[in-house]
Every structure is written in structure tokens, then in C-alpha cells.
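target.pdb (PDB, C-alpha atoms) appears below.
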```
ATOM      1  CA  MET A   1      36.380  16.951   5.541  1.00  0.00           C
ATOM      2  CA  ASN A   2      38.341  15.763   2.533  1.00  0.00           C
ATOM      3  CA  PRO A   3      37.134  17.661  -0.582  1.00  0.00           C
ATOM      4  CA  ARG A   4      36.845  14.447  -2.637  1.00  0.00           C
ATOM      5  CA  TRP A   5      34.198  13.200  -0.165  1.00  0.00           C
ATOM      6  CA  ILE A   6      32.034  16.308  -0.440  1.00  0.00           C
ATOM      7  CA  ARG A   7      30.365  15.356  -3.729  1.00  0.00           C
ATOM      8  CA  PRO A   8      29.371  11.796  -2.684  1.00  0.00           C
ATOM      9  CA  TRP A   9      28.254  13.158   0.697  1.00  0.00           C
ATOM     10  CA  LEU A  10      26.047  15.782  -0.987  1.00  0.00           C
ATOM     11  CA  LEU A  11      24.604  13.098  -3.275  1.00  0.00           C
ATOM     12  CA  ILE A  12      23.707  10.912  -0.280  1.00  0.00           C
ATOM     13  CA  VAL A  13      22.111  13.859   1.534  1.00  0.00           C
ATOM     14  CA  ALA A  14      20.085  14.747  -1.590  1.00  0.00           C
ATOM     15  CA  MET A  15      18.898  11.147  -1.946  1.00  0.00           C
ATOM     16  CA  LEU A  16      17.854  11.013   1.722  1.00  0.00           C
ATOM     17  CA  LEU A  17      15.936  14.281   1.430  1.00  0.00           C
ATOM     18  CA  ALA A  18      14.147  13.070  -1.693  1.00  0.00           C
ATOM     19  CA  ALA A  19      13.289   9.770  -0.005  1.00  0.00           C
ATOM     20  CA  SER A  20      11.987  11.488   3.115  1.00  0.00           C
ATOM     21  CA  SER A  21       9.711  13.849   1.152  1.00  0.00           C
ATOM     22  CA  GLN A  22       8.409  10.906  -0.865  1.00  0.00           C
ATOM     23  CA  ALA A  23       7.896   8.889   2.328  1.00  0.00           C
ATOM     24  CA  ALA A  24       5.772  11.706   3.736  1.00  0.00           C
ATOM     25  CA  GLN A  25       3.385  11.145   0.832  1.00  0.00           C
ATOM     26  CA  THR A  26       3.212   7.363   1.187  1.00  0.00           C
ATOM     27  CA  GLY A  27      -0.396   6.295   1.476  1.00  0.00           C
ATOM     28  CA  VAL A  28      -1.741   9.747   0.636  1.00  0.00           C
ATOM     29  CA  VAL A  29      -4.284   9.799  -2.180  1.00  0.00           C
ATOM     30  CA  VAL A  30      -5.054  13.140  -3.831  1.00  0.00           C
ATOM     31  CA  ARG A  31      -7.660  13.386  -6.555  1.00  0.00           C
ATOM     32  CA  SER A  32      -9.390  16.333  -8.156  1.00  0.00           C
ATOM     33  CA  VAL A  33     -12.514  17.259 -10.053  1.00  0.00           C
ATOM     34  CA  LYS A  34     -13.808  20.378 -11.737  1.00  0.00           C
ATOM     35  CA  GLY A  35     -16.584  21.850  -9.672  1.00  0.00           C
ATOM     36  CA  ASP A  36     -17.704  23.877  -6.715  1.00  0.00           C
ATOM     37  CA  PHE A  37     -16.251  23.309  -3.236  1.00  0.00           C
ATOM     38  CA  ALA A  38     -19.659  23.144  -1.492  1.00  0.00           C
ATOM     39  CA  GLU A  39     -21.030  20.655  -4.044  1.00  0.00           C
ATOM     40  CA  VAL A  40     -18.044  18.337  -3.829  1.00  0.00           C
ATOM     41  CA  LYS A  41     -18.052  18.480  -0.030  1.00  0.00           C
ATOM     42  CA  GLU A  42     -21.749  17.621  -0.052  1.00  0.00           C
ATOM     43  CA  ARG A  43     -21.089  14.663  -2.369  1.00  0.00           C
ATOM     44  CA  VAL A  44     -18.448  13.385   0.065  1.00  0.00           C
ATOM     45  CA  LEU A  45     -20.954  13.759   2.920  1.00  0.00           C
ATOM     46  CA  PHE A  46     -23.617  11.868   0.949  1.00  0.00           C
ATOM     47  CA  ALA A  47     -21.121   9.117   0.084  1.00  0.00           C
ATOM     48  CA  VAL A  48     -20.194   8.738   3.765  1.00  0.00           C
ATOM     49  CA  GLU A  49     -23.784   8.870   5.016  1.00  0.00           C
ATOM     50  CA  GLY A  50     -24.986   6.587   2.220  1.00  0.00           C
ATOM     51  CA  ARG A  51     -22.905   3.837   3.797  1.00  0.00           C
ATOM     52  CA  GLY A  52     -24.650   4.307   7.122  1.00  0.00           C
ATOM     53  CA  LEU A  53     -21.715   6.234   8.569  1.00  0.00           C
ATOM     54  CA  VAL A  54     -21.848   9.491  10.488  1.00  0.00           C
ATOM     55  CA  VAL A  55     -19.453  12.413  10.178  1.00  0.00           C
ATOM     56  CA  ASN A  56     -18.214  12.955  13.742  1.00  0.00           C
ATOM     57  CA  TYR A  57     -16.430  16.219  13.137  1.00  0.00           C
ATOM     58  CA  THR A  58     -15.696  18.741  10.418  1.00  0.00           C
ATOM     59  CA  ALA A  59     -12.393  20.556  10.820  1.00  0.00           C
ATOM     60  CA  HIS A  60     -12.430  23.973   9.162  1.00  0.00           C
ATOM     61  CA  ILE A  61      -8.723  23.926   8.386  1.00  0.00           C
ATOM     62  CA  GLY A  62      -8.697  26.724   5.824  1.00  0.00           C
ATOM     63  CA  ALA A  63     -10.504  29.116   8.169  1.00  0.00           C
ATOM     64  CA  MET A  64      -8.240  28.139  11.072  1.00  0.00           C
ATOM     65  CA  LEU A  65      -5.090  28.789   9.030  1.00  0.00           C
ATOM     66  CA  GLU A  66      -6.468  32.116   7.840  1.00  0.00           C
ATOM     67  CA  ARG A  67      -7.360  33.176  11.392  1.00  0.00           C
ATOM     68  CA  THR A  68      -4.153  32.005  13.068  1.00  0.00           C
ATOM     69  CA  GLY A  69      -1.941  33.254  10.240  1.00  0.00           C
ATOM     70  CA  LYS A  70      -2.916  36.793  11.130  1.00  0.00           C
ATOM     71  CA  ASP A  71      -2.011  36.129  14.771  1.00  0.00           C
ATOM     72  CA  ILE A  72       1.505  34.987  13.885  1.00  0.00           C
ATOM     73  CA  GLY A  73       2.203  37.472  11.101  1.00  0.00           C
ATOM     74  CA  ARG A  74       1.783  35.025   8.203  1.00  0.00           C
ATOM     75  CA  SER A  75      -0.377  36.339   5.367  1.00  0.00           C
ATOM     76  CA  ARG A  76       0.006  33.721   2.618  1.00  0.00           C
ATOM     77  CA  VAL A  77      -3.375  32.315   1.576  1.00  0.00           C
ATOM     78  CA  ILE A  78      -2.921  28.538   1.348  1.00  0.00           C
ATOM     79  CA  TYR A  79      -6.480  27.428   0.584  1.00  0.00           C
ATOM     80  CA  ARG A  80      -9.520  29.112  -0.844  1.00  0.00           C
ATOM     81  CA  ASP A  81     -11.607  26.565   1.111  1.00  0.00           C
ATOM     82  CA  ALA A  82     -10.388  23.573   3.128  1.00  0.00           C
ATOM     83  CA  GLN A  83     -12.271  21.219   5.390  1.00  0.00           C
ATOM     84  CA  LEU A  84     -11.547  17.772   6.740  1.00  0.00           C
ATOM     85  CA  LEU A  85     -14.431  15.385   7.365  1.00  0.00           C
ATOM     86  CA  GLU A  86     -13.849  12.838  10.113  1.00  0.00           C
ATOM     87  CA  PHE A  87     -15.951   9.678  10.404  1.00  0.00           C
ATOM     88  CA  CYS A  88     -15.842   6.071  11.500  1.00  0.00           C
ATOM     89  CA  SER A  89     -17.355   2.715  10.637  1.00  0.00           C
ATOM     90  CA  ALA A  90     -18.269   0.478  13.558  1.00  0.00           C
ATOM     91  CA  ALA A  91     -17.915  -2.689  11.476  1.00  0.00           C
ATOM     92  CA  VAL A  92     -14.689  -1.789   9.664  1.00  0.00           C
ATOM     93  CA  SER A  93     -13.098  -0.266  12.758  1.00  0.00           C
ATOM     94  CA  ARG A  94     -13.991  -3.252  14.934  1.00  0.00           C
ATOM     95  CA  ALA A  95     -12.518  -5.687  12.408  1.00  0.00           C
ATOM     96  CA  THR A  96      -9.384  -3.566  12.166  1.00  0.00           C
ATOM     97  CA  MET A  97      -8.853  -3.388  15.920  1.00  0.00           C
ATOM     98  CA  GLU A  98      -9.837  -6.995  16.576  1.00  0.00           C
ATOM     99  CA  ALA A  99      -7.081  -7.922  14.144  1.00  0.00           C
ATOM    100  CA  ASP A 100      -4.595  -5.790  16.089  1.00  0.00           C
ATOM    101  CA  PRO A 101      -5.461  -3.382  18.917  1.00  0.00           C
ATOM    102  CA  ARG A 102      -2.589  -1.121  17.785  1.00  0.00           C
ATOM    103  CA  ASN A 103      -4.641  -0.334  14.676  1.00  0.00           C
ATOM    104  CA  ILE A 104      -6.520   2.168  16.829  1.00  0.00           C
ATOM    105  CA  VAL A 105      -4.204   4.836  15.377  1.00  0.00           C
ATOM    106  CA  PHE A 106      -5.965   4.501  12.010  1.00  0.00           C
ATOM    107  CA  CYS A 107      -9.360   5.473  13.393  1.00  0.00           C
ATOM    108  CA  PRO A 108     -11.241   7.723  12.805  1.00  0.00           C
ATOM    109  CA  TYR A 109     -10.970   8.034   9.038  1.00  0.00           C
ATOM    110  CA  SER A 110     -10.835  11.398   7.342  1.00  0.00           C
ATOM    111  CA  ILE A 111     -11.203  12.915   3.917  1.00  0.00           C
ATOM    112  CA  ALA A 112     -10.053  16.452   3.146  1.00  0.00           C
ATOM    113  CA  VAL A 113     -11.858  18.595   0.610  1.00  0.00           C
ATOM    114  CA  TYR A 114     -10.044  21.730  -0.508  1.00  0.00           C
ATOM    115  CA  THR A 115      -9.500  24.299  -3.219  1.00  0.00           C
ATOM    116  CA  LEU A 116      -6.391  26.297  -3.980  1.00  0.00           C
ATOM    117  CA  PRO A 117      -6.420  30.046  -4.591  1.00  0.00           C
ATOM    118  CA  THR A 118      -4.572  29.628  -7.896  1.00  0.00           C
ATOM    119  CA  GLU A 119      -6.878  26.951  -9.352  1.00  0.00           C
ATOM    120  CA  ALA A 120     -10.410  28.291  -9.716  1.00  0.00           C
ATOM    121  CA  GLY A 121     -13.033  25.627 -10.365  1.00  0.00           C
ATOM    122  CA  LYS A 122     -10.866  22.706  -9.264  1.00  0.00           C
ATOM    123  CA  VAL A 123     -11.659  20.825  -6.048  1.00  0.00           C
ATOM    124  CA  TYR A 124      -9.337  18.319  -4.410  1.00  0.00           C
ATOM    125  CA  ILE A 125     -10.214  15.312  -2.300  1.00  0.00           C
ATOM    126  CA  ALA A 126      -7.378  13.829  -0.258  1.00  0.00           C
ATOM    127  CA  TYR A 127      -7.105  11.039   2.294  1.00  0.00           C
ATOM    128  CA  ARG A 128      -4.590   8.724   3.933  1.00  0.00           C
ATOM    129  CA  LYS A 129      -4.846   5.009   3.306  1.00  0.00           C
ATOM    130  CA  PRO A 130      -3.339   2.979   6.130  1.00  0.00           C
ATOM    131  CA  PRO A 131      -0.601   0.565   5.155  1.00  0.00           C
ATOM    132  CA  ALA A 132      -1.702  -3.068   4.894  1.00  0.00           C
ATOM    133  CA  ALA A 133       0.620  -4.173   7.688  1.00  0.00           C
ATOM    134  CA  GLY A 134       0.830  -6.655  10.527  1.00  0.00           C
ATOM    135  CA  SER A 135      -0.697 -10.110  10.512  1.00  0.00           C
ATOM    136  CA  ASP A 136      -2.687 -11.346   7.532  1.00  0.00           C
ATOM    137  CA  GLN A 137      -5.894 -10.504   9.412  1.00  0.00           C
ATOM    138  CA  SER A 138      -4.626  -7.002  10.204  1.00  0.00           C
ATOM    139  CA  ALA A 139      -3.461  -6.365   6.635  1.00  0.00           C
ATOM    140  CA  GLN A 140      -6.822  -7.529   5.292  1.00  0.00           C
ATOM    141  CA  ALA A 141      -8.721  -5.268   7.710  1.00  0.00           C
ATOM    142  CA  LEU A 142      -6.527  -2.271   6.852  1.00  0.00           C
ATOM    143  CA  ARG A 143      -7.055  -2.903   3.130  1.00  0.00           C
ATOM    144  CA  ALA A 144     -10.808  -2.739   3.861  1.00  0.00           C
ATOM    145  CA  VAL A 145     -10.292   0.738   5.352  1.00  0.00           C
ATOM    146  CA  GLY A 146      -8.451   1.790   2.199  1.00  0.00           C
ATOM    147  CA  LYS A 147     -11.208   0.378   0.010  1.00  0.00           C
ATOM    148  CA  LEU A 148     -13.856   2.217   2.042  1.00  0.00           C
ATOM    149  CA  LEU A 149     -12.001   5.498   1.519  1.00  0.00           C
ATOM    150  CA  ASP A 150     -11.464   4.778  -2.184  1.00  0.00           C
ATOM    151  CA  ASP A 151     -15.134   3.936  -2.662  1.00  0.00           C
ATOM    152  CA  ILE A 152     -16.281   7.125  -0.921  1.00  0.00           C
ATOM    153  CA  ALA A 153     -13.923   9.227  -3.050  1.00  0.00           C
ATOM    154  CA  ASP A 154     -14.982   7.424  -6.251  1.00  0.00           C
ATOM    155  CA  GLU A 155     -18.622   8.144  -5.522  1.00  0.00           C
ATOM    156  CA  ALA A 156     -17.983  11.773  -4.621  1.00  0.00           C
ATOM    157  CA  LEU A 157     -15.970  12.399  -7.784  1.00  0.00           C
ATOM    158  CA  LYS A 158     -18.631  11.105 -10.207  1.00  0.00           C
TER     159      LYS A 158
END
```

Do you think you could lay out the structure here as C-alpha cells?
Amino acid sequence: MNPRWIRPWLLIVAMLLAASSQAAQTGVVVRSVKGDFAEVKERVLFAVEGRGLVVNYTAHIGAMLERTGKDIGRSRVIYRDAQLLEFCSAAVSRATMEADPRNIVFCPYSIAVYTLPTEAGKVYIAYRKPPAAGSDQSAQALRAVGKLLDDIADEALK
């Protein structure tokens, strides 16, 4: 490779890497509050259930990583506590999939609640908002999913 092309090539590679790491975060909402993990998780549960929704599954991600890390020789503690709450809304999901059956990939919805070992007293809530894509009807339905997630997080963070 010609040495005068190395610098522009490296610049392009750096730009692509930056764009790809930013793209991985597209649609991800991360918010935090001072508090206790169990309390914040309970507030998320109440916010979900208060809308007539049911948590289908709770993934104990922090415990799983801790357990499997030992099995593969990895000892770094990533989370102090980390769980992901999975739920669905019959009305919102139906509208989303009636608009476009391919929207099935956005269901069920999930909200992660976690704490980091280096940030005592700070609890994070994170979730993925689907992109408002497809037909007008599909985009509108997907925005409703995002609003549902935002509203649940807003309530839990009060």
C-alpha cells in the first residue's frame, strides 16, 4: 500500500468504527436514579403491572454472568445486580403486528435494571425503543411501544 494512502485509510477506518459503536446504541435509552436496586426494580414492576401488563420472565443476567464467568475463567465483576424484566401488551403488540407482521421481532418488551460495582447507590434502567419504521401505521404503532417504555421508566424513576 502506498504510504500516502495510509493516513486517509486509517481515518476512514476510525470513522467506521465510531459509527458502528454509535449505531449499536441507537434506540437504547439508559437512565439512572439514586436508590436501592430492589426498590427501583419493584417500582418498574409496579409501573408495568399498573398498566394491566404482566411480567412474563425475569432474566437474572448479573447472576448468570457471575456463575458462567467462573466456568470460563473470567473473574471481572460487571454488575452488582442486573435483571431484565420481560413483558408484553396485548393491545400495543396487536396494533404493532397488525400494522406489519414483521414487527414481531419487537415483542416482548424488556427493561433492564442494574447497578455497577463502582457506583454505589446508583441504579440504572435501560431499554430498547424500536425504530419508528415501515408504513405510517407501523411507525405509529412502534412509536406507541416507545412511549409505553418511556412512560414505565418515567414512573419508576419518580

Select, counting all atoms listed in the file, all protein, DNA and RNA residues no farther than 9 Å from (-10.5, 21.3, 3.3) in file coordinates, and express the selection as a ChimeraX atom specification. /A:37,41,59-62,79-85,111-115,124-126

Could you please take those selected residues and save C-alpha atoms as an mmCIF file, in the coordinates of the input?
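Produced file selection14.cif, reproduced below:
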```cif
data_model
loop_
_atom_site.group_PDB
_atom_site.id
_atom_site.type_symbol
_atom_site.label_atom_id
_atom_site.label_comp_id
_atom_site.auth_asym_id
_atom_site.auth_seq_id
_atom_site.Cartn_x
_atom_site.Cartn_y
_atom_site.Cartn_z
ATOM 1 C CA PHE A 37 -16.251 23.309 -3.236
ATOM 2 C CA LYS A 41 -18.052 18.480 -0.030
ATOM 3 C CA ALA A 59 -12.393 20.556 10.820
ATOM 4 C CA HIS A 60 -12.430 23.973 9.162
ATOM 5 C CA ILE A 61 -8.723 23.926 8.386
ATOM 6 C CA GLY A 62 -8.697 26.724 5.824
ATOM 7 C CA TYR A 79 -6.480 27.428 0.584
ATOM 8 C CA ARG A 80 -9.520 29.112 -0.844
ATOM 9 C CA ASP A 81 -11.607 26.565 1.111
ATOM 10 C CA ALA A 82 -10.388 23.573 3.128
ATOM 11 C CA GLN A 83 -12.271 21.219 5.390
ATOM 12 C CA LEU A 84 -11.547 17.772 6.740
ATOM 13 C CA LEU A 85 -14.431 15.385 7.365
ATOM 14 C CA ILE A 111 -11.203 12.915 3.917
ATOM 15 C CA ALA A 112 -10.053 16.452 3.146
ATOM 16 C CA VAL A 113 -11.858 18.595 0.610
ATOM 17 C CA TYR A 114 -10.044 21.730 -0.508
ATOM 18 C CA THR A 115 -9.500 24.299 -3.219
ATOM 19 C CA TYR A 124 -9.337 18.319 -4.410
ATOM 20 C CA ILE A 125 -10.214 15.312 -2.300
ATOM 21 C CA ALA A 126 -7.378 13.829 -0.258
#
```

So that I can see what lies close to Arg128 in chain A, please list as number ranges by chain the residues with an atom at most 12 Å from it, counting all atoms listed in the file and leaving out residues fewer than 2 positions away in the same chain. A: 24-31, 84, 86, 106-112, 125-126, 130-131, 142-143, 145-150, 153

How far is it from CA of Gly134 in chain A to CA of Leu53 in chain A, in Å with one decimal? 26.0 Å

Evaluating the PyMOL selection byres ((chain A and resi 138) around 10) on the displayed file yields which residues, as a PyMOL selection string? chain A and resi 95-103+131-137+139-144

Expansion of the PyMOL selection byres ((chain A and resi 45) around 9) into residues, as a PyMOL selection string: chain A and resi 40-44+46-50+54-55+85+152+156

What does the structure give for the distance between CA of Ile78 in chain A and CA of Glu66 in chain A, in Å to one decimal? 8.2 Å

Figure out the distance between CA of Lys158 in chain A and CA of Pro117 in chain A, please, to one decimal in Å.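 Answer for the CA of Pro117 in chain A to CA of Lys158 in chain A separation: 23.2 Å.
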
List the neighbours of Gly121 in chain A out to 7 Å using all atoms listed in the file; skip same-chain residues closer than 3 positions along the sequence, and give me the result as a PDB file with C-alpha atoms, in the coordinates of the input.
```pdb
ATOM      1  CA  LYS A  34     -13.808  20.378 -11.737  1.00  0.00           C
ATOM      2  CA  GLY A  35     -16.584  21.850  -9.672  1.00  0.00           C
ATOM      3  CA  ASP A  36     -17.704  23.877  -6.715  1.00  0.00           C
TER       4      ASP A  36
END
```

Please rebuild range 71-87 of chain A with N, CA and C atoms and return the result as a short mmCIF file (atom, residue, chain, number, x, y, z; two decimals), in the frame of the given file.
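Saved file selection.cif follows:
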```cif
data_model
loop_
_atom_site.label_atom_id
_atom_site.label_comp_id
_atom_site.auth_asym_id
_atom_site.auth_seq_id
_atom_site.Cartn_x
_atom_site.Cartn_y
_atom_site.Cartn_z
N ASP A 71 -2.55 36.04 13.41
CA ASP A 71 -2.01 36.13 14.77
C ASP A 71 -0.50 35.97 14.82
N ILE A 72 0.06 35.24 13.87
CA ILE A 72 1.50 34.99 13.88
C ILE A 72 2.25 35.71 12.77
N GLY A 73 1.55 36.66 12.12
CA GLY A 73 2.20 37.47 11.10
C GLY A 73 2.45 36.76 9.78
N ARG A 74 1.65 35.77 9.46
CA ARG A 74 1.78 35.02 8.20
C ARG A 74 0.56 35.32 7.35
N SER A 75 0.75 35.88 6.17
CA SER A 75 -0.38 36.34 5.37
C SER A 75 -0.65 35.49 4.13
N ARG A 76 0.20 34.54 3.83
CA ARG A 76 0.01 33.72 2.62
C ARG A 76 -1.31 32.95 2.70
N VAL A 77 -2.12 33.06 1.66
CA VAL A 77 -3.38 32.32 1.58
C VAL A 77 -3.04 30.94 0.99
N ILE A 78 -3.27 29.90 1.77
CA ILE A 78 -2.92 28.54 1.35
C ILE A 78 -4.09 27.89 0.61
N TYR A 79 -5.28 28.03 1.17
CA TYR A 79 -6.48 27.43 0.58
C TYR A 79 -7.54 28.50 0.36
N ARG A 80 -8.32 28.29 -0.68
CA ARG A 80 -9.52 29.11 -0.84
C ARG A 80 -10.57 28.58 0.13
N ASP A 81 -10.75 27.28 0.16
CA ASP A 81 -11.61 26.56 1.11
C ASP A 81 -10.89 25.27 1.47
N ALA A 82 -11.00 24.84 2.72
CA ALA A 82 -10.39 23.57 3.13
C ALA A 82 -11.08 23.06 4.38
N GLN A 83 -11.64 21.87 4.24
CA GLN A 83 -12.27 21.22 5.39
C GLN A 83 -11.88 19.75 5.39
N LEU A 84 -11.86 19.18 6.58
CA LEU A 84 -11.55 17.77 6.74
C LEU A 84 -12.73 17.12 7.45
N LEU A 85 -13.28 16.09 6.82
CA LEU A 85 -14.43 15.38 7.36
C LEU A 85 -13.94 14.12 8.05
N GLU A 86 -14.30 13.96 9.30
CA GLU A 86 -13.85 12.84 10.11
C GLU A 86 -15.04 11.93 10.41
N PHE A 87 -14.86 10.63 10.21
CA PHE A 87 -15.95 9.68 10.40
C PHE A 87 -15.38 8.32 10.76
#
```
